[in-house]
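Peer 1: Pasting model_25.txt below, which is compact mmCIF, C-alpha atoms.
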```txt
# COMPACT_ATOMS: atom_id res chain seq x y z
CA VAL A 689 -23.73 -4.39 -14.46
CA THR A 690 -25.72 -1.50 -15.95
CA GLY A 691 -27.50 1.67 -14.90
CA TYR A 692 -27.06 4.09 -12.04
CA LEU A 693 -24.82 3.66 -9.01
CA ASP A 694 -25.94 4.15 -5.39
CA ASP A 695 -25.03 7.49 -3.74
CA CYS A 696 -24.12 8.90 -7.20
CA THR A 697 -25.71 10.66 -10.16
CA CYS A 698 -23.57 8.62 -12.55
CA ASP A 699 -24.25 5.44 -14.52
CA VAL A 700 -22.03 2.55 -15.57
CA GLU A 701 -22.36 3.22 -19.32
CA THR A 702 -21.03 6.80 -19.03
CA ILE A 703 -17.96 5.57 -17.13
CA ASP A 704 -17.31 2.75 -19.63
CA ALA A 705 -17.39 5.08 -22.64
CA PHE A 706 -15.26 7.75 -20.95
CA ASN A 707 -12.66 5.39 -19.55
CA ASN A 708 -12.26 2.83 -22.32
CA TYR A 709 -12.07 5.20 -25.27
CA LYS A 710 -10.73 8.49 -23.86
CA LEU A 711 -8.79 8.14 -20.64
CA PHE A 712 -7.38 4.60 -20.51
CA PRO A 713 -5.04 4.86 -23.57
CA ARG A 714 -3.51 8.16 -22.38
CA LEU A 715 -3.11 6.95 -18.81
CA ASN A 716 -1.32 3.81 -19.96
CA GLU A 717 1.18 5.90 -21.92
CA LEU A 718 1.88 8.04 -18.85
CA LEU A 719 2.42 5.03 -16.57
CA GLU A 720 5.04 3.59 -18.93
CA SER A 721 7.27 6.65 -18.46
CA ASP A 722 10.32 6.54 -16.15
CA TYR A 723 8.78 8.83 -13.53
CA PHE A 724 5.78 6.58 -12.97
CA ARG A 725 7.21 3.11 -13.50
CA TYR A 726 9.67 3.16 -10.55
CA TYR A 727 8.13 2.90 -7.09
CA LYS A 728 10.19 2.83 -3.91
CA VAL A 729 8.83 0.35 -1.42
CA ASN A 730 9.87 -1.64 1.64
CA LEU A 731 8.74 -5.21 1.05
CA GLN A 732 10.58 -6.50 4.14
CA LYS A 733 8.46 -4.92 6.90
CA PRO A 734 7.14 -7.46 9.42
CA CYS A 735 3.40 -7.90 9.88
CA PRO A 736 2.39 -5.66 12.83
CA PHE A 737 -0.80 -7.57 13.72
CA TRP A 738 -0.04 -11.28 13.90
CA ASP A 739 2.84 -13.75 13.57
CA ASP A 740 2.86 -14.75 9.94
CA ASN A 741 3.72 -18.35 10.79
CA SER A 742 0.83 -19.60 8.64
CA HIS A 743 2.35 -18.64 5.31
CA CYS A 744 3.99 -21.99 4.56
CA GLY A 745 7.12 -20.12 3.56
CA MET A 746 5.11 -17.82 1.28
CA ARG A 747 7.17 -14.88 2.50
CA ASP A 748 10.39 -16.24 1.04
CA CYS A 749 8.57 -18.24 -1.64
CA ALA A 750 7.61 -15.01 -3.32
CA VAL A 751 10.82 -12.99 -3.28
CA GLN A 752 14.07 -13.44 -5.17
CA PRO A 753 16.79 -15.29 -3.26
CA CYS A 754 19.16 -13.01 -1.35
CA PRO A 755 22.19 -13.58 0.94
CA SER A 756 21.19 -15.14 4.25
CA ASP A 757 22.53 -12.22 6.31
CA GLU A 758 19.98 -9.97 4.59
CA VAL A 759 17.02 -12.18 5.46
CA PRO A 760 15.15 -11.04 8.62
CA ASP A 761 15.61 -13.31 11.66
CA GLY A 762 11.97 -14.35 11.77
CA ILE A 763 12.18 -15.84 8.30
CA ARG A 764 15.68 -17.24 8.76
CA SER A 765 14.53 -19.33 11.74
CA GLY A 766 12.34 -21.28 9.33
CA SER A 767 10.31 -22.92 12.11
CA TYR A 768 6.98 -22.11 10.45
CA LYS A 769 7.94 -24.19 7.42
CA TYR A 770 7.36 -27.43 9.29
CA SER A 771 3.71 -27.04 10.18
CA GLU A 772 1.33 -29.67 8.79
CA GLU A 773 -0.46 -27.01 6.73
CA ALA A 774 2.85 -25.90 5.21
CA ASN A 775 3.68 -29.43 4.09
CA ASN A 776 0.23 -29.84 2.55
CA LEU A 777 0.64 -26.61 0.60
CA ALA A 778 4.23 -27.22 -0.52
CA GLU A 779 3.20 -27.64 -4.14
CA GLU A 780 1.27 -24.34 -4.18
CA CYS A 781 4.29 -22.69 -2.57
CA GLU A 782 6.52 -23.83 -5.41
CA GLU A 783 4.07 -22.37 -7.90
CA ALA A 784 3.96 -19.09 -6.00
CA LYS A 785 7.76 -19.01 -5.85
CA ARG A 786 7.94 -19.00 -9.64
CA LEU A 787 4.99 -16.69 -10.23
CA GLY A 788 5.30 -14.27 -7.32
CA ALA A 789 8.96 -13.26 -7.42
CA VAL A 790 9.58 -9.53 -7.68
CA ASP A 791 12.05 -8.59 -10.41
CA ASP A 792 14.10 -5.79 -8.82
CA SER A 793 16.57 -5.20 -11.64
CA LEU A 794 17.29 -1.55 -12.56
CA SER A 795 19.75 -0.20 -15.08
CA LYS A 796 22.75 1.84 -13.87
CA GLU A 797 21.35 5.00 -15.53
CA THR A 798 18.01 4.53 -13.80
CA ARG A 799 19.66 4.08 -10.40
CA GLN A 800 21.45 7.42 -10.81
CA ALA A 801 18.26 9.18 -11.90
CA VAL A 802 16.09 7.83 -9.09
CA LEU A 803 18.61 8.83 -6.43
CA GLN A 804 17.95 12.44 -7.42
CA TRP A 805 14.18 12.10 -7.02
CA ALA A 806 14.39 11.99 -3.24
CA GLN A 807 15.23 15.69 -3.03
CA HIS A 808 11.88 16.51 -4.67
CA ASP A 809 9.87 14.73 -1.95
CA ASP A 810 8.18 16.44 1.00
CA SER A 811 6.49 14.74 3.92
CA SER A 812 2.88 15.51 4.87
CA GLU A 813 -0.08 14.13 6.79
CA SER A 814 -1.33 10.99 5.17
CA PHE A 815 -4.15 8.48 5.11
CA CYS A 816 -1.54 5.72 4.80
CA GLU A 817 1.25 4.25 6.86
CA ALA A 818 3.90 5.30 4.36
CA ASP A 819 7.12 3.34 4.05
CA ASP A 820 10.29 5.01 5.24
CA ILE A 821 11.91 5.36 1.83
CA HIS A 822 15.29 6.07 3.50
CA SER A 823 15.23 2.66 5.20
CA PRO A 824 17.99 0.27 4.02
CA ASP A 825 15.20 -2.20 3.19
CA ALA A 826 13.39 0.21 0.84
CA GLU A 827 14.25 -0.26 -2.82
CA TYR A 828 13.03 0.86 -6.20
CA VAL A 829 10.87 -1.60 -8.08
CA ASP A 830 10.13 -1.40 -11.81
CA LEU A 831 6.35 -1.81 -11.99
CA LEU A 832 6.45 -2.70 -15.68
CA LEU A 833 8.72 -5.68 -14.92
CA ASN A 834 6.40 -6.79 -12.10
CA PRO A 835 2.86 -6.68 -13.52
CA GLU A 836 -0.04 -7.44 -11.22
CA ARG A 837 -1.37 -10.89 -12.13
CA TYR A 838 -2.19 -14.34 -10.74
CA THR A 839 0.63 -15.56 -8.48
CA GLY A 840 -0.72 -18.71 -6.84
CA TYR A 841 -1.34 -16.84 -3.55
CA LYS A 842 -4.72 -18.04 -2.30
CA GLY A 843 -6.46 -20.02 0.40
CA PRO A 844 -6.59 -19.31 4.17
CA ASP A 845 -3.72 -16.79 4.17
CA ALA A 846 -5.20 -14.56 1.48
CA TRP A 847 -8.66 -14.90 3.07
CA LYS A 848 -7.22 -13.84 6.45
CA ILE A 849 -5.99 -10.52 4.97
CA TRP A 850 -9.33 -9.55 3.46
CA ASN A 851 -11.28 -10.79 6.47
CA SER A 852 -9.17 -8.60 8.77
CA ILE A 853 -9.76 -5.59 6.51
CA TYR A 854 -13.53 -6.04 6.36
CA GLU A 855 -14.21 -7.26 9.89
CA GLU A 856 -11.95 -4.90 11.84
CA ASN A 857 -11.69 -1.78 9.69
CA CYS A 858 -15.01 -1.17 7.95
CA PHE A 859 -16.89 0.28 10.96
CA LYS A 860 -18.74 -3.06 11.15
CA PRO A 861 -20.10 -4.66 14.33
CA GLN A 862 -19.09 -8.31 14.86
CA ASN A 863 -22.68 -9.56 14.89
CA VAL A 864 -23.35 -8.35 11.32
CA LYS A 865 -21.97 -11.01 8.99
CA ARG A 866 -20.84 -10.16 5.46
CA PRO A 867 -22.55 -12.04 2.63
CA LEU A 868 -20.53 -15.12 1.58
CA ALA A 869 -18.27 -14.69 4.63
CA SER A 870 -17.60 -17.57 7.03
CA GLY A 871 -20.48 -18.10 9.46
CA ARG A 872 -22.72 -15.58 7.75
CA GLY A 873 -25.95 -17.39 8.51
CA ASP A 874 -28.43 -17.98 5.72
CA ASP A 875 -30.34 -14.72 5.29
CA GLY A 876 -28.63 -13.96 1.94
CA GLY A 877 -26.96 -10.84 3.29
CA HIS A 878 -30.29 -9.21 4.25
CA THR A 879 -29.04 -8.20 7.73
CA PHE A 880 -25.77 -6.91 6.29
CA TYR A 881 -27.37 -4.67 3.64
CA LYS A 882 -29.96 -3.41 6.09
CA TRP A 883 -27.06 -2.45 8.37
CA LEU A 884 -25.12 -0.87 5.47
CA LYS A 885 -28.13 1.20 4.38
CA GLY A 886 -28.47 2.53 7.93
CA LEU A 887 -24.91 3.88 8.01
CA CYS A 888 -24.02 7.50 7.37
CA VAL A 889 -22.84 8.16 3.82
CA GLU A 890 -19.15 8.36 4.86
CA LYS A 891 -19.05 4.94 6.55
CA ARG A 892 -21.06 3.40 3.73
CA ALA A 893 -18.60 4.90 1.23
CA PHE A 894 -15.67 3.48 3.22
CA TYR A 895 -17.03 -0.07 2.90
CA ARG A 896 -17.76 0.42 -0.80
CA LEU A 897 -14.25 1.72 -1.51
CA ILE A 898 -12.68 -1.36 0.11
CA SER A 899 -15.10 -3.68 -1.71
CA GLY A 900 -14.32 -1.87 -4.98
CA LEU A 901 -10.57 -2.27 -4.42
CA HIS A 902 -11.09 -5.97 -3.69
CA ALA A 903 -13.14 -6.36 -6.89
CA SER A 904 -10.52 -4.53 -8.94
CA ILE A 905 -7.72 -6.78 -7.68
CA ASN A 906 -9.81 -9.89 -8.43
CA ILE A 907 -10.40 -8.67 -11.99
CA HIS A 908 -6.64 -8.21 -12.52
CA LEU A 909 -5.97 -11.77 -11.31
CA SER A 910 -8.70 -13.16 -13.57
CA ALA A 911 -7.59 -11.13 -16.59
CA ARG A 912 -3.89 -12.03 -16.29
CA TYR A 913 -4.13 -15.68 -15.33
CA LEU A 914 -1.49 -18.30 -16.08
CA LEU A 915 -3.24 -20.27 -18.83
CA GLN A 916 -0.25 -22.28 -20.04
CA ASP A 917 3.10 -23.04 -18.43
CA THR A 918 5.47 -25.21 -20.46
CA TRP A 919 9.23 -25.27 -20.95
CA SER A 920 8.82 -23.32 -24.19
CA GLU A 921 6.41 -20.58 -23.11
CA LYS A 922 4.22 -19.06 -20.43
CA LYS A 923 0.86 -17.79 -21.62
CA TRP A 924 -1.11 -15.26 -19.58
CA GLY A 925 -4.65 -14.20 -20.37
CA PRO A 926 -8.30 -13.98 -19.28
CA ASN A 927 -9.66 -16.89 -17.23
CA VAL A 928 -13.42 -16.72 -17.68
CA THR A 929 -14.15 -19.46 -15.11
CA GLU A 930 -12.16 -17.60 -12.44
CA PHE A 931 -13.97 -14.36 -13.32
CA GLN A 932 -17.40 -16.03 -13.11
CA GLN A 933 -16.65 -17.61 -9.74
CA ARG A 934 -15.99 -14.14 -8.34
CA PHE A 935 -18.63 -12.05 -10.14
CA ASP A 936 -21.37 -14.17 -11.74
CA GLU A 937 -24.74 -13.18 -10.25
CA VAL A 938 -25.95 -16.78 -9.78
CA LEU A 939 -22.64 -18.27 -8.57
CA THR A 940 -22.17 -15.48 -6.01
CA SER A 941 -25.82 -15.36 -4.84
CA GLY A 942 -26.20 -11.81 -6.19
CA GLU A 943 -22.95 -10.50 -4.67
CA GLY A 944 -20.97 -10.26 -7.94
CA PRO A 945 -22.89 -7.30 -9.44
CA ARG A 946 -22.70 -5.44 -6.11
CA ARG A 947 -18.92 -5.88 -6.08
CA LEU A 948 -18.67 -4.54 -9.62
CA LYS A 949 -20.82 -1.52 -8.76
CA ASN A 950 -18.43 -0.81 -5.89
CA LEU A 951 -15.56 -0.94 -8.40
CA TYR A 952 -17.27 1.82 -10.39
CA PHE A 953 -17.79 3.78 -7.16
CA LEU A 954 -14.05 3.53 -6.45
CA TYR A 955 -13.39 4.73 -10.02
CA LEU A 956 -15.54 7.83 -9.45
CA ILE A 957 -13.83 8.68 -6.15
CA GLU A 958 -10.31 8.45 -7.62
CA LEU A 959 -11.36 10.29 -10.80
CA ARG A 960 -12.82 13.08 -8.66
CA ALA A 961 -9.51 13.38 -6.77
CA LEU A 962 -7.61 13.75 -10.07
CA SER A 963 -9.95 16.52 -11.19
CA LYS A 964 -9.49 18.34 -7.84
CA VAL A 965 -5.68 18.18 -7.71
CA LEU A 966 -5.13 19.92 -11.07
CA PRO A 967 -3.96 23.28 -9.53
CA PHE A 968 -1.09 21.48 -7.73
CA PHE A 969 0.31 20.04 -10.97
CA GLU A 970 -0.42 23.08 -13.15
CA ARG A 971 2.12 25.27 -11.35
CA PRO A 972 5.20 26.05 -13.48
CA ASP A 973 7.37 25.11 -10.48
CA PHE A 974 6.12 21.54 -10.50
CA GLN A 975 8.05 19.10 -12.68
CA LEU A 976 8.11 15.34 -13.17
CA TYR A 977 11.82 15.27 -12.47
CA THR A 978 13.86 12.35 -13.83
CA GLY A 979 16.83 14.25 -15.25
CA ASN A 980 15.67 13.86 -18.86
CA LYS A 981 14.40 17.39 -19.60
CA GLY A 982 12.72 16.55 -22.90
CA GLN A 983 10.84 13.54 -21.57
CA ASP A 984 9.97 15.34 -18.31
CA ALA A 985 8.32 18.21 -20.21
CA GLU A 986 6.50 15.80 -22.52
CA MET A 987 5.17 13.74 -19.61
CA LYS A 988 4.02 16.81 -17.69
CA HIS A 989 2.08 17.88 -20.78
CA LEU A 990 0.45 14.43 -20.95
CA LEU A 991 -0.23 14.49 -17.20
CA LEU A 992 -2.06 17.83 -17.47
CA GLU A 993 -4.00 16.55 -20.49
CA ILE A 994 -5.20 13.59 -18.39
CA LEU A 995 -6.14 15.83 -15.44
CA HIS A 996 -8.08 18.22 -17.70
CA LEU A 997 -9.82 15.21 -19.21
CA ALA A 998 -10.69 13.99 -15.70
CA LYS A 999 -12.11 17.43 -14.91
CA SER A 1000 -14.27 17.35 -18.05
CA PHE A 1001 -16.11 14.18 -16.91
CA PRO A 1002 -19.80 15.15 -16.89
CA LEU A 1003 -21.12 13.19 -13.88
CA HIS A 1004 -18.59 13.58 -11.07
CA PHE A 1005 -19.18 12.22 -7.58
CA ASP A 1006 -20.22 15.04 -5.23
CA GLU A 1007 -17.94 14.75 -2.22
CA ASN A 1008 -19.61 17.75 -0.53
CA SER A 1009 -21.93 15.28 1.20
CA PHE A 1010 -18.88 13.95 3.08
CA PHE A 1011 -18.38 15.28 6.63
CA ALA A 1012 -20.95 18.00 6.04
CA GLY A 1013 -22.76 17.92 9.39
CA ASN A 1014 -21.87 19.34 12.79
CA LYS A 1015 -18.25 20.58 12.58
CA LYS A 1016 -17.08 18.86 15.76
CA GLU A 1017 -18.72 15.56 14.82
CA ALA A 1018 -17.49 15.85 11.23
CA ALA A 1019 -13.89 16.39 12.36
CA LYS A 1020 -14.13 13.37 14.68
CA LEU A 1021 -15.57 11.19 11.91
CA LYS A 1022 -12.96 12.33 9.42
CA GLU A 1023 -10.14 11.41 11.82
CA GLU A 1024 -11.78 8.03 12.47
CA PHE A 1025 -12.03 7.50 8.70
CA ARG A 1026 -8.34 8.37 8.29
CA LEU A 1027 -7.18 6.04 11.08
CA HIS A 1028 -9.25 3.13 9.79
CA PHE A 1029 -7.72 3.53 6.35
CA LYS A 1030 -4.24 3.88 7.82
CA ASN A 1031 -4.76 0.57 9.59
CA ILE A 1032 -5.64 -1.10 6.28
CA SER A 1033 -2.41 0.19 4.75
CA LYS A 1034 -0.51 -1.50 7.63
CA ILE A 1035 -2.27 -4.82 6.96
CA MET A 1036 -0.62 -4.86 3.53
CA ASP A 1037 2.64 -5.74 5.31
CA CYS A 1038 0.97 -9.03 6.31
CA VAL A 1039 0.42 -10.20 2.71
CA GLY A 1040 2.48 -13.38 2.23
CA CYS A 1041 3.11 -13.09 -1.53
CA ILE A 1042 5.65 -10.34 -2.11
CA LYS A 1043 4.33 -9.34 -5.53
CA CYS A 1044 0.79 -9.16 -4.11
CA ARG A 1045 2.18 -7.11 -1.24
CA LEU A 1046 3.83 -4.69 -3.68
CA TRP A 1047 0.57 -4.03 -5.54
CA GLY A 1048 -1.50 -4.03 -2.36
CA LYS A 1049 0.72 -1.37 -0.79
CA LEU A 1050 0.74 0.72 -3.98
CA GLN A 1051 -3.04 0.62 -4.45
CA THR A 1052 -3.86 1.42 -0.83
CA GLN A 1053 -1.38 4.32 -0.87
CA GLY A 1054 -2.94 5.53 -4.12
CA LEU A 1055 -6.47 5.44 -2.69
CA GLY A 1056 -5.22 7.06 0.53
CA THR A 1057 -3.68 9.86 -1.55
CA ALA A 1058 -6.99 10.32 -3.41
CA LEU A 1059 -8.81 10.67 -0.06
CA LYS A 1060 -6.17 13.11 1.17
CA ILE A 1061 -6.81 15.25 -1.94
CA LEU A 1062 -10.60 15.20 -1.52
CA PHE A 1063 -10.28 16.25 2.13
CA SER A 1064 -7.79 19.02 1.31
CA GLU A 1065 -9.91 20.96 -1.18
CA ASN A 1066 -9.65 24.24 0.72
CA LEU A 1067 -5.84 23.97 0.87
CA ILE A 1068 -5.60 23.13 -2.84
CA GLU A 1069 -7.72 26.16 -3.77
CA LYS A 1070 -5.22 28.39 -1.91
CA ILE A 1071 -2.15 27.08 -3.76
CA PRO A 1072 -0.28 30.05 -5.32
CA GLU A 1073 0.27 29.94 -9.08
CA SER A 1074 4.01 30.10 -8.57
CA GLY A 1075 6.36 29.40 -5.68
CA PRO A 1076 6.17 26.61 -3.11
CA SER A 1077 2.86 25.04 -2.06
CA TYR A 1078 3.19 25.08 1.72
CA GLY A 1079 -0.39 24.21 2.64
CA PHE A 1080 -0.73 21.13 0.44
CA GLN A 1081 2.03 18.75 -0.63
CA LEU A 1082 2.33 15.45 -2.41
CA THR A 1083 5.52 13.39 -2.27
CA ARG A 1084 6.80 11.63 -5.34
CA GLN A 1085 5.72 8.36 -3.69
CA GLU A 1086 2.15 9.61 -3.36
CA ILE A 1087 2.08 10.88 -6.96
CA VAL A 1088 3.35 7.59 -8.38
CA ALA A 1089 0.91 5.62 -6.20
CA LEU A 1090 -2.06 7.89 -7.04
CA PHE A 1091 -1.72 7.51 -10.81
CA ASN A 1092 -0.75 3.84 -10.79
CA ALA A 1093 -3.63 2.98 -8.45
CA PHE A 1094 -6.06 4.80 -10.72
CA GLY A 1095 -4.40 3.03 -13.64
CA ARG A 1096 -5.28 -0.30 -12.00
CA VAL A 1097 -8.95 0.70 -11.54
CA SER A 1098 -9.07 2.08 -15.09
CA THR A 1099 -7.63 -1.23 -16.34
CA SER A 1100 -10.30 -3.14 -14.40
CA VAL A 1101 -13.08 -1.19 -16.12
CA LYS A 1102 -11.46 -1.91 -19.49
CA GLU A 1103 -11.02 -5.62 -18.66
CA LEU A 1104 -14.70 -5.82 -17.70
CA GLU A 1105 -15.58 -4.86 -21.27
CA ASN A 1106 -13.28 -7.63 -22.51
CA PHE A 1107 -14.92 -10.23 -20.25
CA ARG A 1108 -18.39 -9.07 -21.35
CA ASN A 1109 -17.41 -9.58 -24.99
CA ILE A 1110 -15.94 -13.04 -24.29
CA LEU A 1111 -19.07 -14.13 -22.41
CA GLN A 1112 -21.39 -12.83 -25.13
CA ASN A 1113 -19.45 -14.79 -27.76
CA MET A 1114 -19.71 -17.94 -25.63
CA ARG A 1115 -23.52 -17.78 -25.41
```
Can you turn what I pasted into structure tokens?
Peer 2:
Amino acid sequence: VTGYLDDCTCDVETIDAFNNYKLFPRLNELLESDYFRYYKVNLQKPCPFWDDNSHCGMRDCAVQPCPSDEVPDGIRSGSYKYSEEANNLAEECEEAKRLGAVDDSLSKETRQAVLQWAQHDDSSESFCEADDIHSPDAEYVDLLLNPERYTGYKGPDAWKIWNSIYEENCFKPQNVKRPLASGRGDDGGHTFYKWLKGLCVEKRAFYRLISGLHASINIHLSARYLLQDTWSEKKWGPNVTEFQQRFDEVLTSGEGPRRLKNLYFLYLIELRALSKVLPFFERPDFQLYTGNKGQDAEMKHLLLEILHLAKSFPLHFDENSFFAGNKKEAAKLKEEFRLHFKNISKIMDCVGCIKCRLWGKLQTQGLGTALKILFSENLIEKIPESGPSYGFQLTRQEIVALFNAFGRVSTSVKELENFRNILQNMR
């Protein structure tokens, strides 16, 4: 993928150079700090849209064993395990059980520190269905111990999640089939792209953000694939065949490059949000509170360095084209946009693999937080230099999700360079 991106003044090469050599190394360092590595999440919420009786036990395949009285009734009943499909997929389930388990171990010191973080959180209007972090089912997860990678979660269940997101939440009429989707007809996506081009810029951007998120997740799974699994070692690394099946121009009938361009579009949107939110973090009253004063000050300094770097990017996306028409219509569209995205965040509770659910929830909350920032520009501009920020707030959950989600997209851009190099050496 090269050249300029649709609806932007930016090109792929500028993003690659900026991300891979300037921003990515600093961002990685920030995300390894205590404040950003622990994310509180409820991985036990039931799917609100359908009975997940088609998961062949994926729900408990992918989480560490726990006492039976802690397992929700729906899972404990176990009736879904005996479907024909479940028996056929038993082997894949076993693989997912090993690969998809979430490691929820925390040290005693960390537990004491994270308990104090709650007092620094404030609630505010959101683009996401946020977890109730006070729920008994919500727990802190160490993101460094649970890296996003291939887990064995695939097939009809994974397809059902993405299909629900695209078909029911991307402002798309049922008669317009997505390219490479089931029952799409044989016009090579012509009808779909004609429809997409006819949308207003906001609805077109919504589809491209979801497609970009999907592409980013697929890159992570291809880049951290289980290449070798023996009694002596597990080896994770790039799976070029998997990558090509998802993004090669010929193998995907031209869809692969479009997906990658949408990844870059997502990058620009989240980068723009980081550049806009600088005044919130610059206030002396704001601190990355973990209880370790020295590290907290050091990490805030690094955080501000990253935000200033984001602001210095020369070809930012211009979000002023969003919701710029008739005020009444714009307000209606913005609310519709917010509700559609909120619905997508709820769908993440239907993901059968718990580790995939963890990263799905985090990345949708991160993107939702980025959208919240872009649509709160006037409030951010009014933030006083000192004292509380009443008009605009971010909870610790939103902050951790925002930076980790952007870290995932930044990693995808970096991994793309790696795959390009591998493919060039193969030719």
Peer 1: Against stretch 934-953 of chain A, which residues of stretch 997-1022 of chain A fall within 12 Å? For each one I want the closest pair of atoms and the distance in Å (one decimal), counting all atoms listed in the file, rows by chain and increasing residue number, as CSV.
Peer 2:
```
residue,atom,partner,partner_atom,distance
A:His1004,CA,A:Phe953,CA,10.6
A:Phe1005,CA,A:Phe953,CA,8.6
A:Asp1006,CA,A:Phe953,CA,11.7
```
Peer 1: Would you mind telling me which residue in A:Glu855, A:Glu1105, A:Leu1090, A:Glu970 lies nearest to A:Lys1049 when using all atoms listed in the file?
Peer 2: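 Under the stated criterion, the closest residue is A:Leu1090.
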Peer 1: Which distance in Å separates atom CA of A:Arg1045 and atom CA of A:Leu832, to one decimal?
Peer 2: 15.7 Å
Peer 1: At what distance in Å, to one decimal, does atom CA of A:Lys891 lie from atom CA of A:Leu1021?
Peer 2: 8.9 Å
Peer 1: When you look at A:Arg912 with a cut-off of 8 Å (counting all atoms listed in the file), what residues show up, excluding the ones that are within fewer than 3 positions of it in the same chain? I need them as a ChimeraX atom specification.
Peer 2: /A:836-838,908-909,924-927
Peer 1: Could you tell me how far atom CA of A:Gln1051 sits from atom CA of A:Ala1093, in Å to one decimal place?
Peer 2: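 These atoms are spaced 4.7 Å apart.
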Peer 1: Report as a PyMOL selection string all protein, DNA and RNA residues lying within 12 Å of A:Gln1053, evaluated on all atoms listed in the file, omitting residues in the same chain fewer than 5 positions from it.
Peer 2: chain A and resi 727+729+814-819+901+958+1029-1034+1036+1045-1048+1058-1060+1082-1094
Peer 1: Between A:Glu1024, A:Asn1014, A:Leu966, A:Asp973, which residue has the minimum interatomic distance to A:Glu1069, considering all atoms listed in the file?
Peer 2: A:Leu966
Peer 1: Can you work out which one of A:Asn1113, A:Gln1081, A:Thr690, A:Asn863 has the shortest atom-to-atom distance to A:Thr879, counting only C-alpha atoms?
Peer 2: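 Using only C-alpha atoms, A:Thr879 sits closest to A:Asn863.
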Peer 1: Please list as an NGL selection string every residue within 9 Å of A:Ile907, counting only C-alpha atoms and excluding residues in the same chain fewer than 4 positions away.
Peer 2: :A and (902-903 or 911-912 or 931 or 934 or 1100-1101 or 1103-1104)
Peer 1: When you count only C-alpha atoms, which of these residues is closest to A:His878: A:Leu959, A:Val864, A:Leu954, A:Leu794?
Peer 2: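 Selected residue with least distance to A:His878: A:Val864.
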Peer 1: With only C-alpha atoms as the basis for distance, which of A:Trp850, A:Phe859, A:Tyr895, A:Trp883 is at the shortest distance from A:Ile1035?
Peer 2: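 Comparing A:Trp850, A:Phe859, A:Tyr895, A:Trp883 against A:Ile1035, the winner is A:Trp850.
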Peer 1: Nearest residue to A:Cys888 out of A:Ser793, A:Lys964, A:Thr839, A:Ala1018, using all atoms listed in the file?
Peer 2: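 Of A:Ser793, A:Lys964, A:Thr839, A:Ala1018, the one nearest A:Cys888, counting all atoms listed in the file, is A:Ala1018.
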Peer 1: What's the 12 Å shell around A:Trp738, counting only C-alpha atoms, without same-chain residues fewer than 6 positions away, as a PyMOL selection string?
Peer 2: chain A and resi 845+848-849+852+1034-1035+1037-1039
Peer 1: Dump as a Markdown table the rows for residues of stretch 875-979 of chain A within 10 Å of stretch 717-724 of chain A: closest atom pair and distance in Å with one decimal, only C-alpha atoms counted, ordered by chain and rising residue number.
Peer 2:
```
| residue | atom | partner | partner_atom | distance |
| --- | --- | --- | --- | --- |
| A:Leu976 | CA | A:Tyr723 | CA | 6.6 |
| A:Tyr977 | CA | A:Tyr723 | CA | 7.2 |
| A:Thr978 | CA | A:Tyr723 | CA | 6.2 |
| A:Gly979 | CA | A:Tyr723 | CA | 9.9 |
```
